[in-house]
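Q: One file: structure-v3.cif (mmCIF, C-alpha atoms and all ligand atoms).
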```cif
data_query
#
loop_
_atom_site.label_atom_id
_atom_site.label_comp_id
_atom_site.auth_asym_id
_atom_site.auth_seq_id
_atom_site.Cartn_x
_atom_site.Cartn_y
_atom_site.Cartn_z
CA MET Y 137 132.83 196.63 -54.24
CA ARG Y 138 133.05 198.26 -50.81
CA ASN Y 139 136.06 197.85 -48.65
CA ASP Y 140 134.80 198.59 -45.15
CA ASP Y 141 137.55 198.38 -42.58
CA PHE Y 142 136.81 196.82 -39.22
CA ASP Y 143 140.34 195.55 -38.66
CA THR Y 144 142.31 198.72 -37.99
CA LEU Y 145 143.08 199.27 -34.31
CA TYR Y 146 142.03 202.69 -33.05
CA PRO Y 147 142.84 203.15 -29.37
CA ARG Y 148 140.47 205.87 -28.11
CA ARG Y 149 141.79 206.85 -24.73
CA GLN Y 150 143.04 210.22 -25.97
CA ILE Y 151 139.57 211.32 -27.13
CA GLY Y 152 137.93 210.67 -23.77
CA ALA Y 153 136.11 207.48 -24.80
CA ALA Y 154 134.29 206.23 -21.68
CA LYS Y 155 135.31 202.61 -22.19
CA TRP Y 156 138.97 203.50 -22.36
CA GLN Y 157 139.18 205.55 -19.16
CA PRO Y 158 140.14 202.67 -16.82
CA LEU Y 159 143.18 201.79 -18.90
CA ASP Y 160 145.96 203.63 -17.17
CA ARG Y 161 148.72 203.04 -19.63
CA PRO Y 162 149.13 204.07 -23.25
CA VAL Y 163 148.59 201.48 -25.95
CA SER Y 164 150.62 201.54 -29.13
CA PRO Y 165 148.36 202.24 -32.13
CA ASP Y 166 150.05 199.60 -34.26
CA SER Y 167 150.10 196.74 -31.79
CA ALA Y 168 147.26 194.38 -30.98
CA GLY Y 169 147.61 195.79 -27.46
CA VAL Y 170 145.10 196.04 -24.73
CA PHE Y 171 141.57 196.97 -25.73
CA PRO Y 172 138.73 197.20 -23.18
CA PHE Y 173 135.71 194.91 -23.46
CA SER Y 174 133.27 196.85 -21.30
CA VAL Y 175 130.96 199.75 -22.31
CA ALA Y 176 128.51 198.88 -25.11
CA ASP Y 177 129.93 200.86 -27.98
CA MET Y 178 132.25 199.75 -30.78
CA ASP Y 179 135.91 200.38 -31.55
CA PHE Y 180 135.06 200.82 -35.24
CA LYS Y 181 134.72 203.99 -37.29
CA THR Y 182 131.15 204.60 -38.36
CA ALA Y 183 129.90 204.30 -41.94
CA PRO Y 184 131.74 206.65 -44.34
CA GLU Y 185 128.35 207.89 -45.58
CA ILE Y 186 127.64 209.17 -42.06
CA SER Y 187 131.05 210.83 -41.66
CA GLU Y 188 130.53 212.56 -45.02
CA ALA Y 189 127.14 213.89 -43.96
CA LEU Y 190 128.65 215.13 -40.69
CA HIS Y 191 131.54 216.82 -42.51
CA GLU Y 192 129.08 218.59 -44.75
CA ALA Y 193 127.04 219.71 -41.77
CA ALA Y 194 130.19 220.87 -39.92
CA ASP Y 195 131.40 222.82 -42.96
CA PHE Y 196 128.13 224.71 -43.22
CA ALA Y 197 129.16 226.06 -39.82
CA ILE Y 198 125.91 227.58 -38.64
CA TYR Y 199 124.88 225.63 -35.58
CA GLY Y 200 121.80 227.50 -34.46
CA TYR Y 201 118.63 225.87 -33.12
CA SER Y 202 117.20 223.17 -35.32
CA SER Y 203 114.60 220.46 -35.42
CA PRO Y 204 114.32 217.37 -37.63
CA LEU Y 205 112.83 217.86 -41.11
CA PRO Y 206 110.19 215.46 -42.50
CA ALA Y 207 112.93 213.51 -44.32
CA TYR Y 208 114.38 212.55 -40.92
CA TYR Y 209 111.15 210.92 -39.78
CA ASP Y 210 110.72 209.27 -43.17
CA ALA Y 211 114.21 207.76 -42.81
CA VAL Y 212 113.41 206.31 -39.35
CA CYS Y 213 110.16 204.81 -40.70
CA ALA Y 214 111.79 203.41 -43.84
CA TRP Y 215 114.49 201.71 -41.71
CA GLN Y 216 111.87 200.15 -39.42
CA GLN Y 217 109.96 198.90 -42.44
CA ARG Y 218 112.98 197.60 -44.33
CA ARG Y 219 114.82 196.03 -41.43
CA HIS Y 220 111.99 194.83 -39.23
CA GLY Y 221 108.88 194.84 -41.41
CA PHE Y 222 107.26 197.33 -39.05
CA ALA Y 223 104.96 199.89 -40.67
CA CYS Y 224 105.85 202.96 -38.61
CA GLN Y 225 104.33 206.39 -39.32
CA SER Y 226 106.25 209.66 -39.13
CA ASP Y 227 103.90 211.30 -36.67
CA TRP Y 228 104.35 208.44 -34.17
CA ILE Y 229 107.98 209.40 -33.61
CA VAL Y 230 109.30 211.60 -30.81
CA GLN Y 231 113.00 212.40 -31.04
CA VAL Y 232 114.83 212.29 -27.68
CA PRO Y 233 118.47 212.83 -26.67
CA ASN Y 234 119.03 209.23 -25.64
CA ILE Y 235 117.23 206.13 -24.44
CA VAL Y 236 118.28 206.33 -20.81
CA TYR Y 237 116.84 209.84 -20.58
CA ALA Y 238 113.68 208.54 -22.28
CA LEU Y 239 113.33 205.66 -19.80
CA TYR Y 240 113.32 208.16 -16.94
CA GLN Y 241 110.81 210.37 -18.74
CA LEU Y 242 108.56 207.43 -19.61
CA VAL Y 243 108.52 206.18 -16.02
CA ASN Y 244 107.77 209.69 -14.87
CA ALA Y 245 105.02 210.23 -17.45
CA PHE Y 246 103.18 206.94 -16.97
CA SER Y 247 103.45 206.15 -13.25
CA ASN Y 248 103.32 207.85 -9.91
CA PRO Y 249 105.69 207.56 -6.95
CA GLY Y 250 105.07 204.25 -5.20
CA ASP Y 251 103.78 202.51 -8.35
CA GLY Y 252 105.38 199.23 -9.39
CA VAL Y 253 107.49 198.79 -12.53
CA ILE Y 254 108.45 195.29 -13.75
CA VAL Y 255 112.04 194.71 -14.87
CA GLN Y 256 113.67 191.41 -15.91
CA THR Y 257 117.06 190.83 -14.32
CA PRO Y 258 119.89 190.53 -15.15
CA VAL Y 259 119.45 193.71 -17.21
CA TYR Y 260 120.99 197.01 -18.24
CA PRO Y 261 121.20 198.91 -14.91
CA PRO Y 262 119.52 202.21 -15.92
CA PHE Y 263 116.32 200.14 -16.02
CA PHE Y 264 116.53 199.93 -12.20
CA HIS Y 265 117.75 203.48 -11.80
CA ALA Y 266 114.87 205.00 -13.80
CA VAL Y 267 112.50 203.27 -11.39
CA GLU Y 268 114.19 203.60 -8.01
CA ARG Y 269 115.64 207.06 -8.42
CA GLN Y 270 112.15 208.35 -9.16
CA GLN Y 271 110.64 206.71 -6.07
CA ARG Y 272 108.82 203.99 -7.99
CA ARG Y 273 108.86 200.39 -6.80
CA LEU Y 274 111.08 197.90 -8.59
CA VAL Y 275 109.18 194.65 -9.23
CA LEU Y 276 111.60 191.97 -10.38
CA ASN Y 277 110.73 189.20 -12.81
CA PRO Y 278 114.14 187.51 -13.05
CA LEU Y 279 114.90 185.61 -16.23
CA VAL Y 280 115.28 181.86 -15.82
CA GLU Y 281 118.64 180.38 -16.75
CA GLN Y 282 118.88 176.73 -17.68
CA ASP Y 283 122.03 175.31 -19.28
CA LEU Y 284 123.00 178.89 -20.12
CA ARG Y 285 119.85 179.67 -22.00
CA TYR Y 286 117.61 182.37 -20.57
CA THR Y 287 113.83 182.43 -20.83
CA ILE Y 288 111.03 184.51 -19.36
CA ASP Y 289 109.34 183.15 -16.25
CA LEU Y 290 105.77 183.71 -17.42
CA ASP Y 291 104.16 182.33 -14.26
CA ASP Y 292 106.16 184.71 -12.12
CA LEU Y 293 105.39 187.55 -14.53
CA ALA Y 294 101.66 186.80 -14.31
CA ALA Y 295 101.85 186.78 -10.50
CA LYS Y 296 103.80 190.07 -10.36
CA ALA Y 297 101.56 191.71 -12.96
CA ALA Y 298 98.49 190.87 -10.85
CA ASP Y 299 99.65 193.39 -8.23
CA PRO Y 300 97.27 196.32 -8.86
CA GLY Y 301 100.04 198.80 -8.02
CA VAL Y 302 102.09 197.76 -11.05
CA ARG Y 303 101.70 200.26 -13.91
CA LEU Y 304 104.63 199.57 -16.25
CA MET Y 305 106.98 196.94 -17.55
CA ILE Y 306 110.34 197.75 -19.17
CA LEU Y 307 111.36 195.07 -21.64
CA CYS Y 308 114.86 194.75 -23.06
CA SER Y 309 114.42 193.39 -26.59
CA PRO Y 310 116.91 192.06 -27.69
CA HIS Y 311 118.23 191.52 -24.21
CA ASN Y 312 121.39 193.09 -22.77
CA PRO Y 313 123.28 191.25 -21.26
CA VAL Y 314 122.00 187.70 -21.90
CA GLY Y 315 121.88 188.04 -25.70
CA ARG Y 316 118.39 186.67 -26.24
CA VAL Y 317 116.31 187.81 -29.21
CA TRP Y 318 112.81 187.24 -27.93
CA ALA Y 319 110.72 185.02 -30.19
CA ARG Y 320 107.31 186.13 -31.33
CA ASP Y 321 105.45 183.72 -29.04
CA GLU Y 322 107.43 184.87 -26.00
CA LEU Y 323 106.55 188.50 -26.78
CA GLU Y 324 102.92 187.61 -27.38
CA ALA Y 325 102.77 185.96 -23.95
CA VAL Y 326 104.24 189.06 -22.31
CA VAL Y 327 101.75 191.31 -24.11
CA ARG Y 328 98.86 189.06 -23.09
CA ILE Y 329 99.80 189.26 -19.41
CA CYS Y 330 100.39 193.01 -19.48
CA ARG Y 331 97.12 193.66 -21.30
CA GLN Y 332 95.22 191.56 -18.81
CA HIS Y 333 96.46 193.80 -16.01
CA ASP Y 334 96.51 197.11 -17.89
CA ILE Y 335 100.28 197.47 -17.73
CA LEU Y 336 101.97 199.71 -20.29
CA LEU Y 337 104.96 198.11 -22.02
CA ILE Y 338 108.13 200.11 -22.65
CA SER Y 339 110.11 198.08 -25.18
CA ASP Y 340 113.77 199.11 -25.36
CA GLU Y 341 114.80 197.93 -28.82
CA ILE Y 342 118.13 199.74 -29.08
CA HIS Y 343 119.89 196.45 -30.02
CA ALA Y 344 117.24 195.44 -32.58
CA ASP Y 345 119.48 195.75 -35.64
CA LEU Y 346 122.24 193.61 -34.13
CA VAL Y 347 120.73 190.18 -34.53
CA PHE Y 348 122.43 187.04 -35.85
CA LYS Y 349 120.80 184.62 -38.31
CA PRO Y 350 118.55 182.67 -38.06
CA HIS Y 351 117.10 184.91 -35.35
CA ARG Y 352 114.84 187.80 -36.24
CA HIS Y 353 113.88 190.80 -34.19
CA THR Y 354 110.16 191.36 -33.67
CA VAL Y 355 109.07 194.95 -33.05
CA LEU Y 356 106.68 194.72 -30.14
CA ALA Y 357 104.28 197.23 -31.70
CA GLY Y 358 104.17 195.09 -34.85
CA LEU Y 359 102.66 192.09 -33.04
CA SER Y 360 99.06 193.29 -33.14
CA GLN Y 361 96.93 196.43 -33.03
CA ASP Y 362 96.35 195.75 -29.35
CA ALA Y 363 100.09 195.58 -28.64
CA ALA Y 364 100.68 198.76 -30.68
CA ASP Y 365 98.04 200.62 -28.71
CA HIS Y 366 99.63 199.76 -25.37
CA CYS Y 367 103.36 200.15 -25.85
CA VAL Y 368 106.15 202.53 -26.69
CA ILE Y 369 109.19 201.45 -28.71
CA CYS Y 370 112.61 202.90 -27.86
CA THR Y 371 114.99 202.87 -30.81
CA ALA Y 372 118.22 204.58 -31.87
CA PRO Y 373 120.99 204.43 -34.45
CA SER Y 374 123.59 204.66 -31.68
CA LYS Y 375 124.43 200.96 -31.19
CA THR Y 376 124.04 199.99 -34.85
CA PHE Y 377 126.19 202.81 -36.25
CA ASN Y 378 128.35 203.66 -33.22
CA LEU Y 379 126.88 207.13 -32.71
CA ALA Y 380 126.24 207.11 -28.94
CA SER Y 381 127.89 210.44 -28.18
CA LEU Y 382 125.78 212.23 -30.79
CA ALA Y 383 122.87 211.86 -28.38
CA THR Y 384 119.96 211.17 -30.69
CA ALA Y 385 117.30 208.49 -30.29
CA ASN Y 386 113.66 207.98 -31.22
CA LEU Y 387 110.56 206.87 -29.35
CA ILE Y 388 107.72 205.39 -31.36
CA PHE Y 389 104.19 205.79 -29.99
CA PRO Y 390 101.54 204.30 -32.29
CA ASN Y 391 98.95 205.46 -29.75
CA ALA Y 392 98.32 209.22 -30.12
CA GLU Y 393 96.99 209.63 -26.59
CA LEU Y 394 100.10 208.04 -25.04
CA ARG Y 395 102.27 210.24 -27.24
CA ARG Y 396 100.43 213.35 -26.13
CA ARG Y 397 100.73 212.36 -22.46
CA TYR Y 398 104.44 211.68 -22.88
CA GLN Y 399 105.07 215.01 -24.60
CA ALA Y 400 103.12 216.88 -21.94
CA ALA Y 401 105.21 215.26 -19.18
CA GLU Y 402 108.47 215.72 -21.05
CA SER Y 403 107.78 219.40 -21.66
CA ARG Y 404 108.75 219.91 -18.02
CA ALA Y 405 112.24 218.49 -18.60
CA GLY Y 406 113.42 221.65 -20.35
CA ILE Y 407 114.80 219.98 -23.47
CA HIS Y 408 114.28 222.12 -26.55
CA GLY Y 409 115.70 221.83 -30.02
CA ALA Y 410 117.43 218.83 -31.54
CA ASN Y 411 121.07 217.86 -31.56
CA TYR Y 412 121.96 219.06 -35.06
CA PHE Y 413 124.81 216.61 -35.64
CA GLY Y 414 122.91 213.71 -34.14
CA THR Y 415 119.93 214.44 -36.38
CA VAL Y 416 122.14 214.59 -39.48
CA ALA Y 417 123.91 211.36 -38.51
CA CYS Y 418 120.69 209.48 -37.74
CA GLN Y 419 119.12 210.44 -41.05
CA ALA Y 420 122.28 209.58 -43.01
CA ALA Y 421 122.58 206.25 -41.20
CA TYR Y 422 119.07 205.16 -42.02
CA GLU Y 423 119.12 206.53 -45.57
CA LYS Y 424 122.62 205.53 -46.65
CA GLY Y 425 124.09 203.19 -44.06
CA GLU Y 426 122.65 199.86 -45.19
CA ALA Y 427 125.71 198.49 -47.01
CA TRP Y 428 128.08 199.40 -44.18
CA TYR Y 429 125.64 197.91 -41.68
CA GLN Y 430 125.53 194.61 -43.59
CA ALA Y 431 129.34 194.51 -43.60
CA LEU Y 432 129.35 195.23 -39.85
CA LEU Y 433 126.91 192.39 -39.18
CA ALA Y 434 129.11 189.97 -41.15
CA TYR Y 435 132.19 191.10 -39.21
CA LEU Y 436 130.41 190.77 -35.85
CA ALA Y 437 129.22 187.29 -36.84
CA GLY Y 438 132.88 186.41 -37.49
CA ASN Y 439 133.90 187.75 -34.07
CA LYS Y 440 131.09 185.85 -32.42
CA ALA Y 441 132.15 182.61 -34.17
CA MET Y 442 135.79 183.10 -33.17
CA PHE Y 443 134.80 183.91 -29.56
CA THR Y 444 132.50 180.87 -29.37
CA GLU Y 445 135.06 178.48 -30.84
CA THR Y 446 137.87 179.77 -28.65
CA MET Y 447 135.83 179.55 -25.48
CA ARG Y 448 134.55 176.05 -26.27
CA ARG Y 449 137.99 174.77 -27.24
CA GLU Y 450 140.21 176.49 -24.66
CA LEU Y 451 137.95 177.22 -21.72
CA PRO Y 452 135.03 174.79 -21.72
CA GLN Y 453 134.78 175.21 -17.94
CA LEU Y 454 133.59 178.79 -18.53
CA GLY Y 455 130.20 178.54 -20.20
CA ILE Y 456 128.85 181.15 -22.60
CA THR Y 457 125.33 181.84 -23.77
CA ASP Y 458 124.49 181.46 -27.44
CA LEU Y 459 124.56 185.03 -28.67
CA GLU Y 460 121.35 185.52 -30.66
CA GLY Y 461 121.65 189.28 -30.74
CA THR Y 462 123.72 192.23 -29.45
CA TYR Y 463 127.52 192.25 -29.61
CA LEU Y 464 127.75 191.49 -25.89
CA GLY Y 465 128.91 188.03 -24.86
CA TRP Y 466 127.88 186.62 -21.47
CA MET Y 467 130.36 184.34 -19.72
CA ASP Y 468 129.77 182.11 -16.74
CA MET Y 469 132.83 182.46 -14.50
CA ARG Y 470 131.52 180.49 -11.55
CA ALA Y 471 133.87 177.55 -12.16
CA LEU Y 472 136.77 179.84 -11.21
CA ASN Y 473 135.63 179.80 -7.58
CA LEU Y 474 136.69 183.41 -7.07
CA SER Y 475 134.82 186.05 -5.12
CA GLU Y 476 133.78 189.04 -7.21
CA ALA Y 477 136.54 191.20 -5.71
CA ASP Y 478 139.17 188.52 -6.32
CA ARG Y 479 137.94 188.02 -9.86
CA LEU Y 480 138.18 191.72 -10.58
CA ALA Y 481 141.75 191.87 -9.27
CA TRP Y 482 142.66 188.76 -11.27
CA LEU Y 483 141.14 190.17 -14.48
CA GLN Y 484 142.90 193.50 -14.02
CA ALA Y 485 146.22 191.75 -13.48
CA ALA Y 486 145.61 190.07 -16.86
CA ASP Y 487 144.75 193.45 -18.48
CA LEU Y 488 141.16 192.40 -19.04
CA TYR Y 489 138.50 195.07 -18.68
CA LEU Y 490 135.07 193.41 -18.77
CA THR Y 491 131.77 194.26 -17.05
CA ALA Y 492 130.98 192.29 -13.90
CA GLY Y 493 127.66 190.47 -14.14
CA SER Y 494 126.46 191.72 -10.76
CA PHE Y 495 126.27 195.20 -12.34
CA PHE Y 496 123.09 193.91 -14.04
CA GLY Y 497 121.44 192.82 -10.79
CA SER Y 498 122.06 189.91 -8.44
CA PRO Y 499 121.15 187.13 -10.94
CA GLY Y 500 124.22 188.26 -12.91
CA THR Y 501 126.59 187.44 -10.05
CA GLY Y 502 129.33 185.05 -11.18
CA PHE Y 503 129.11 186.20 -14.82
CA GLU Y 504 131.10 188.69 -16.89
CA ARG Y 505 129.91 190.55 -19.97
CA ILE Y 506 132.39 190.85 -22.83
CA ASN Y 507 132.00 193.35 -25.67
CA LEU Y 508 132.86 191.70 -28.99
CA ALA Y 509 132.61 194.81 -31.20
CA LEU Y 510 136.27 195.48 -31.79
CA PRO Y 511 138.95 194.48 -34.31
CA ARG Y 512 139.33 190.69 -34.33
CA ARG Y 513 143.05 190.91 -33.60
CA ALA Y 514 142.35 192.79 -30.37
CA LEU Y 515 139.63 190.31 -29.42
CA GLU Y 516 142.01 187.41 -30.06
CA ALA Y 517 144.70 189.07 -27.96
CA GLY Y 518 142.21 189.53 -25.10
CA LEU Y 519 141.04 185.92 -25.28
CA GLU Y 520 144.66 184.73 -25.27
CA ARG Y 521 145.21 186.74 -22.08
CA LEU Y 522 142.08 185.18 -20.57
CA VAL Y 523 143.20 181.64 -21.46
CA ARG Y 524 146.66 182.29 -19.97
CA ALA Y 525 145.19 183.78 -16.82
CA VAL Y 526 142.88 180.78 -16.28
CA ARG Y 527 145.79 178.38 -16.83
CA GLN Y 528 147.84 180.25 -14.22
CA LEU Y 529 144.95 180.02 -11.82
CA ASP Y 530 144.69 176.29 -12.50
CA ASP Y 531 148.43 175.90 -11.88
CA ARG Y 532 147.98 177.56 -8.53
CA GLY Y 533 144.78 175.89 -7.34
CA GLY Y 534 143.95 173.20 -9.88
CA LYS Y 535 140.28 174.05 -9.52
CA THR Y 536 138.90 174.93 -12.90
CA ASN Y 537 140.07 172.06 -15.07
CA PRO Y 538 137.08 170.66 -16.94
C1 LIG Y 601 119.30 198.15 -23.47
C2 LIG Y 601 119.97 199.47 -23.56
N1 LIG Y 601 119.24 200.60 -23.53
C3 LIG Y 601 119.82 201.81 -23.61
C4 LIG Y 601 121.19 201.95 -23.72
C5 LIG Y 601 121.80 203.31 -23.76
O1 LIG Y 601 121.16 204.10 -24.71
P1 LIG Y 601 121.43 205.64 -24.77
O2 LIG Y 601 122.88 205.84 -24.97
O3 LIG Y 601 120.60 206.08 -25.96
O4 LIG Y 601 120.95 206.22 -23.49
C6 LIG Y 601 121.98 200.81 -23.74
C7 LIG Y 601 123.44 200.92 -23.80
O5 LIG Y 601 124.18 199.99 -23.57
C8 LIG Y 601 121.36 199.54 -23.67
O6 LIG Y 601 122.07 198.41 -23.69
#
```
How does this structure look as structure tokens?
Ligand SMILES: Cc1ncc(COP(=O)(O)O)c(C=O)c1O
A:
Amino acid sequence: MRNDDFDTLYPRRQIGAAKWQPLDRPVSPDSAGVFPFSVADMDFKTAPEISEALHEAADFAIYGYSSPLPAYYDAVCAWQQRRHGFACQSDWIVQVPNIVYALYQLVNAFSNPGDGVIVQTPVYPPFFHAVERQQRRLVLNPLVEQDLRYTIDLDDLAAKAADPGVRLMILCSPHNPVGRVWARDELEAVVRICRQHDILLISDEIHADLVFKPHRHTVLAGLSQDAADHCVICTAPSKTFNLASLATANLIFPNAELRRRYQAAESRAGIHGANYFGTVACQAAYEKGEAWYQALLAYLAGNKAMFTETMRRELPQLGITDLEGTYLGWMDMRALNLSEADRLAWLQAADLYLTAGSFFGSPGTGFERINLALPRRALEAGLERLVRAVRQLDDRGGKTNP
């Protein structure tokens, strides 16, 4: 019987963790003190099987140039098959340092300056950056929100895709920050529209393993041969196993010609050799991490349930989306009637470090994203602070009572 520990509090400010930087005061390691709820990584130690593999690699102590062995690619394929029923082949995989880098390289490889790239807001901001910072044209297909459920506006997508200057679409699947796990028929509709207009689909599936029952992730390339021939899948062990700073991710190109074009374009980026530790960790994760991963999913489901119940019971005036996937909650703060600047100041005064929804594009304005991947005690403490802060606001203005 395993005894995976997701409850111990590990403040990470002292190791330079990005999420912890804004906290300007020390937190006692044995109190349920202030944990941040922002950047999308987890305040959990990774699987012990991965730490053991990394220790072994560190102890060998020769860190010269390396590249992944066949067993690495086999492990990525076996994970895709086991977890998502997707029959990936080793030679389809291109290892990259991270997905954001890959998004830039993909945009660069498959479009020219001035070309249009479709992105569905609100969405992870590097999707815009990879387009605009490389002089491509951002073509927005905002998601439609109704009663806090988001769907794809297929009519708008069809209209935008009809623009002959549009070459690419970047899909976030599952979606950060709205928490949707796209259903098969939604993905099929997107593929149909993109195929009709010869638009290449970049499917960022970094959150694919973090899906709550009864939802199931569908690998875009697994939909049909036609979809597989006209897409690239972006995947990584970094969200699932908390390995982001080991800088290792994988692109999957079922289409050999697209893969060749990508590699030719990327050869100009000057990356050579793999990250040795990242390669070791990725292989260990996919080969040996299953049991830990299942325990993580169960723990995250518990956090999600606690978050949902607390919000519905204590703060029904602040809506939340039903989290189908990702560990990132999405809260509607519009009932507070605060400007974004006032809301930020109010949250900081309550020691709450979230991510403002406007960060994900203008349709996110009025929302906050909350990271739920932390020890439950710290999540509870944060939610208690939120409830108190809203009550104080009500006492002052009486505006948000349901
Ligand atoms: C949709 C999405 N893609 C990519 C990333 C970042 O991936 P990487 O660290 O591999 O660049 C994130 C991180 O939050 C994300 O949410």
Q: Identify, counting all atoms listed in the file, the protein, DNA and RNA residues located within 10 Å of ligand LIG 601 (chain Y), and give them as number ranges by chain.
A: Y: 174-177, 232-239, 259-263, 306-313, 339-344, 370-375, 379-386, 462, 464
Q: What does the file look like for those residues with C-alpha atoms, as a compact mmCIF listing (two decimals), in the coordinates of the input?
A:
```
# COMPACT_ATOMS: atom_id res chain seq x y z
CA SER Y 174 133.27 196.85 -21.30
CA VAL Y 175 130.96 199.75 -22.31
CA ALA Y 176 128.51 198.88 -25.11
CA ASP Y 177 129.93 200.86 -27.98
CA VAL Y 232 114.83 212.29 -27.68
CA PRO Y 233 118.47 212.83 -26.67
CA ASN Y 234 119.03 209.23 -25.64
CA ILE Y 235 117.23 206.13 -24.44
CA VAL Y 236 118.28 206.33 -20.81
CA TYR Y 237 116.84 209.84 -20.58
CA ALA Y 238 113.68 208.54 -22.28
CA LEU Y 239 113.33 205.66 -19.80
CA VAL Y 259 119.45 193.71 -17.21
CA TYR Y 260 120.99 197.01 -18.24
CA PRO Y 261 121.20 198.91 -14.91
CA PRO Y 262 119.52 202.21 -15.92
CA PHE Y 263 116.32 200.14 -16.02
CA ILE Y 306 110.34 197.75 -19.17
CA LEU Y 307 111.36 195.07 -21.64
CA CYS Y 308 114.86 194.75 -23.06
CA SER Y 309 114.42 193.39 -26.59
CA PRO Y 310 116.91 192.06 -27.69
CA HIS Y 311 118.23 191.52 -24.21
CA ASN Y 312 121.39 193.09 -22.77
CA PRO Y 313 123.28 191.25 -21.26
CA SER Y 339 110.11 198.08 -25.18
CA ASP Y 340 113.77 199.11 -25.36
CA GLU Y 341 114.80 197.93 -28.82
CA ILE Y 342 118.13 199.74 -29.08
CA HIS Y 343 119.89 196.45 -30.02
CA ALA Y 344 117.24 195.44 -32.58
CA CYS Y 370 112.61 202.90 -27.86
CA THR Y 371 114.99 202.87 -30.81
CA ALA Y 372 118.22 204.58 -31.87
CA PRO Y 373 120.99 204.43 -34.45
CA SER Y 374 123.59 204.66 -31.68
CA LYS Y 375 124.43 200.96 -31.19
CA LEU Y 379 126.88 207.13 -32.71
CA ALA Y 380 126.24 207.11 -28.94
CA SER Y 381 127.89 210.44 -28.18
CA LEU Y 382 125.78 212.23 -30.79
CA ALA Y 383 122.87 211.86 -28.38
CA THR Y 384 119.96 211.17 -30.69
CA ALA Y 385 117.30 208.49 -30.29
CA ASN Y 386 113.66 207.98 -31.22
CA THR Y 462 123.72 192.23 -29.45
CA LEU Y 464 127.75 191.49 -25.89
```
Q: May I ask which of the residues Y:Leu336, Y:Ala294, Y:Ala492, Y:Leu510 is the closest one to Y:Lys181, counting only C-alpha atoms?
A: Y:Leu510
Q: So the first atom is atom CA of Y:Met469 and the second is atom CA of Y:Leu279; what is the distance between them in Å, to one decimal place?
A: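 Atom CA of Y:Leu279 lies at a distance of 18.3 Å from atom CA of Y:Met469.
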Q: Would you please work out which residue, of Y:Val280, Y:Met305, Y:Leu508, Y:Ala441, is nearest to Y:Ile329 when using all atoms listed in the file?
A: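 The shortest atom-to-atom distance to Y:Ile329 comes from Y:Met305.
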Q: Please measure the separation of atom CA of Y:Tyr435 and atom CA of Y:Val347, giving the value in Å to one decimal.
A: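 Interatomic distance here is 12.4 Å.
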